[in-house]
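Heads up, the thing below is written out as structure tokens.
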Protein chains: 2
Amino acid sequence: MVYRTTSLRLDRDQALRSRILDCAMQRVAEGGFASLAMQALAEDVGVATGSLYRHFRSKGELAAEVFALASRREVAALATAFAAPGMPGERLAQGILQFAARAWHSRQLAFALIAEPVEPEVDEQRLFYREAYADLFSGLLEEGVRSGDFQVEQLRLVATCLVGAIAESLVGPLSPPARVAREAGGAVPGFAETSRNLITFCLRAVGAKGY
Amino acid sequence: MVYRTTSLRLDRDQALRSRILDCAMQRVAEGGFASLAMQALAEDVGVATGSLYRHFRSKGELAAEVFALASRREVAALATAFAAPGMPGERLAQGILQFAARAWHSRQLAFALIAEPVEPEVDEQRLFYREAYADLFSGLLEEGVRSGDFQVEQLRLVATCLVGAIAESLVGPLSPPARVAREAGGAVPGFAETSRNLITFCLRAVGAKGY
């Protein structure tokens with residue numbers, strides 16, 4: 001009986017924790033980590049601010065969890081694209097296209113994840129997930145080098161360059177979406193052109209045939 | 001006479017301001033912006049902390065000036081390399097090699113300039129100078145496209161990708177120097193190999209002949 005009560009309570013706790021994370025994610029997706037204020041979040045969830053602190057010791061810890069949750073999804077989506085059937089070049093192109101589409105259509109979230117100045121806890125997560133992206137690129141590069149589809153000597157460096165190029169072009173301060181935001185809509189190219197050129201850049205850079 | 005006194009005083013003020021900036025640059029080069037504490041800096045310069053604030057209203061303002069001073073040097077060095085005689089591909093390679101050498105041999109300063117979390121005033125300067133780098137790359141790309149040496153459709157996007165790839169590979173959290181620092185010296189490739197592979201990456205990415 002004691003066990004059952006405890007178990008029910010754990011379930012309720014888990015449900016509340018999930019709801020806090022969902023509401024926090026919504027805030028970050030709409031206004032970045034800057035809009036993740038504990039008091040406003042408590043109102044969204046419909047609990048007292050103190051309840052948030054029972055689940056997350058600090059705003060930094062909560063922000064890091066939101067970051068990890070969102071990043072796990074992105075990394076998993078990229079891993080799935082890279083693991084699809086097809087030649088390494090096609091899979092690289094498809095993975096970049098999908099990543100670009102997700103970033104382009106959730107600009108605020110993508111910017112928050114990759115570039116927004118935030119708590120050091122989030123910076124630690126960033127390092128972890130940047131490594132995870134680089135691992136995925138390294139894996140596909142290795143496959144492509146073995147099959148003769150890519151010409152790459154230093155896998156890890158090239159994976160790092162790809163992560164840098166893709167991040168800067170999609171969500172960095174110089175990216176077309178960032179320029180749209182800054183210049184309130186000058187002649188900035190759209191998604192189709194940007195993603196096509198980004199894919200060409202990356203495939204050429206790894207020495208893929210036919211680019 | 002009044003005029004002469006004022007002029008002398010302005011000279012002295014200017015000299016002190018330069019000395020403050022020199023000492024601040026030294027601190028940033030050795031320990032990043034994190035080590036730019038006003039009180040310690042005042043001791044380096046040999047003045048009271050209040051004197052610093054007569055020249056720079058805040059630590060953020062001082063940090064932004066240090067950033068701009070260091071970045072102007074880097075941008076000027078890259079502009080000189082890109083403007084040298086030779087084919088566009090050679091000049092791109094030479095510019096990247098020189099930039100890489102400067103970053104590699106002043107890791108702490110390079111990291112501070114590109115990636116260290118800092119005051120928002122510095123972030124604004126970062127945006128400005130990232131644009132300046134992208135402008136330089138765009139200019140050389142345009143020349144190379146005209147001469148038929150590069151095959152690039154969207155100059156600005158490709159310039160952005162180059163800035164991202166170079167920054168990430170040299171001073172980003174995934175870069176070999178950063179990994180040396182984190183892993184205290186595993187089997188991380190050295191400068192010659194890293195710069196050669198980075199140059200190959202960039203020249204291929206812009207469709208340069210023979211890469």
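Ligands are numbered from 1 in the order shown, residues from 1 within each chain, and chains are lettered A, B, ... in the order they appear in the structure tokens.
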
For chain A, which residues have at least one atom within 9 Å of chain B, if we go by only C-alpha atoms? Write them as a PyMOL selection string, please.
-> chain A and resi 117-118+120+127+130-131+134+152-154+156-158+160-169+172-176+189+193-194+197-198+200-207+211

Residue neighbourhood B:Gly32, 12 Å, only C-alpha atoms, exclusion window fewer than 5 positions, as a PyMOL selection string = chain B and resi 24-27+37+63+66-67+106-118

Would you mind listing what lies within 8 Å of B:Asp149 as a list of chain:residue names, with only C-alpha atoms counted and same-chain residues fewer than 3 positions away left out?
-> B:Met87, B:Pro88, B:Gly89, B:Gly144, B:Val145, B:Arg146, B:Gly207, B:Ala208, B:Lys209

Create the file for the chosen residues now, containing N, CA, C and O atoms and written as a JSON list (two decimals), in the first residue's frame.
```json
[["chain", "number", "residue", "atom", "x", "y", "z"],
["B", 87, "MET", "N", 46.52, 33.77, -58.56],
["B", 87, "MET", "CA", 45.20, 33.29, -58.94],
["B", 87, "MET", "C", 44.29, 33.31, -57.70],
["B", 87, "MET", "O", 44.78, 33.13, -56.58],
["B", 88, "PRO", "N", 42.97, 33.46, -57.90],
["B", 88, "PRO", "CA", 42.05, 33.49, -56.75],
["B", 88, "PRO", "C", 42.20, 32.27, -55.83],
["B", 88, "PRO", "O", 42.16, 32.42, -54.61],
["B", 89, "GLY", "N", 42.39, 31.10, -56.41],
["B", 89, "GLY", "CA", 42.52, 29.88, -55.59],
["B", 89, "GLY", "C", 43.75, 29.94, -54.69],
["B", 89, "GLY", "O", 43.69, 29.58, -53.51],
["B", 144, "GLY", "N", 36.87, 35.25, -58.34],
["B", 144, "GLY", "CA", 37.15, 33.89, -58.83],
["B", 144, "GLY", "C", 36.06, 33.36, -59.74],
["B", 144, "GLY", "O", 36.34, 32.58, -60.67],
["B", 145, "VAL", "N", 34.82, 33.75, -59.49],
["B", 145, "VAL", "CA", 33.72, 33.33, -60.35],
["B", 145, "VAL", "C", 33.86, 34.01, -61.71],
["B", 145, "VAL", "O", 33.74, 33.37, -62.76],
["B", 146, "ARG", "N", 34.19, 35.30, -61.68],
["B", 146, "ARG", "CA", 34.37, 36.05, -62.94],
["B", 146, "ARG", "C", 35.48, 35.45, -63.79],
["B", 146, "ARG", "O", 35.36, 35.33, -65.00],
["B", 207, "GLY", "N", 34.41, 24.98, -55.56],
["B", 207, "GLY", "CA", 34.54, 24.47, -56.92],
["B", 207, "GLY", "C", 35.82, 24.91, -57.61],
["B", 207, "GLY", "O", 35.84, 25.10, -58.83],
["B", 208, "ALA", "N", 36.91, 25.09, -56.84],
["B", 208, "ALA", "CA", 38.19, 25.48, -57.44],
["B", 208, "ALA", "C", 38.73, 24.30, -58.27],
["B", 208, "ALA", "O", 38.57, 23.15, -57.88],
["B", 209, "LYS", "N", 39.35, 24.63, -59.38],
["B", 209, "LYS", "CA", 39.88, 23.56, -60.25],
["B", 209, "LYS", "C", 41.04, 22.85, -59.58],
["B", 209, "LYS", "O", 41.84, 23.47, -58.88]]
```
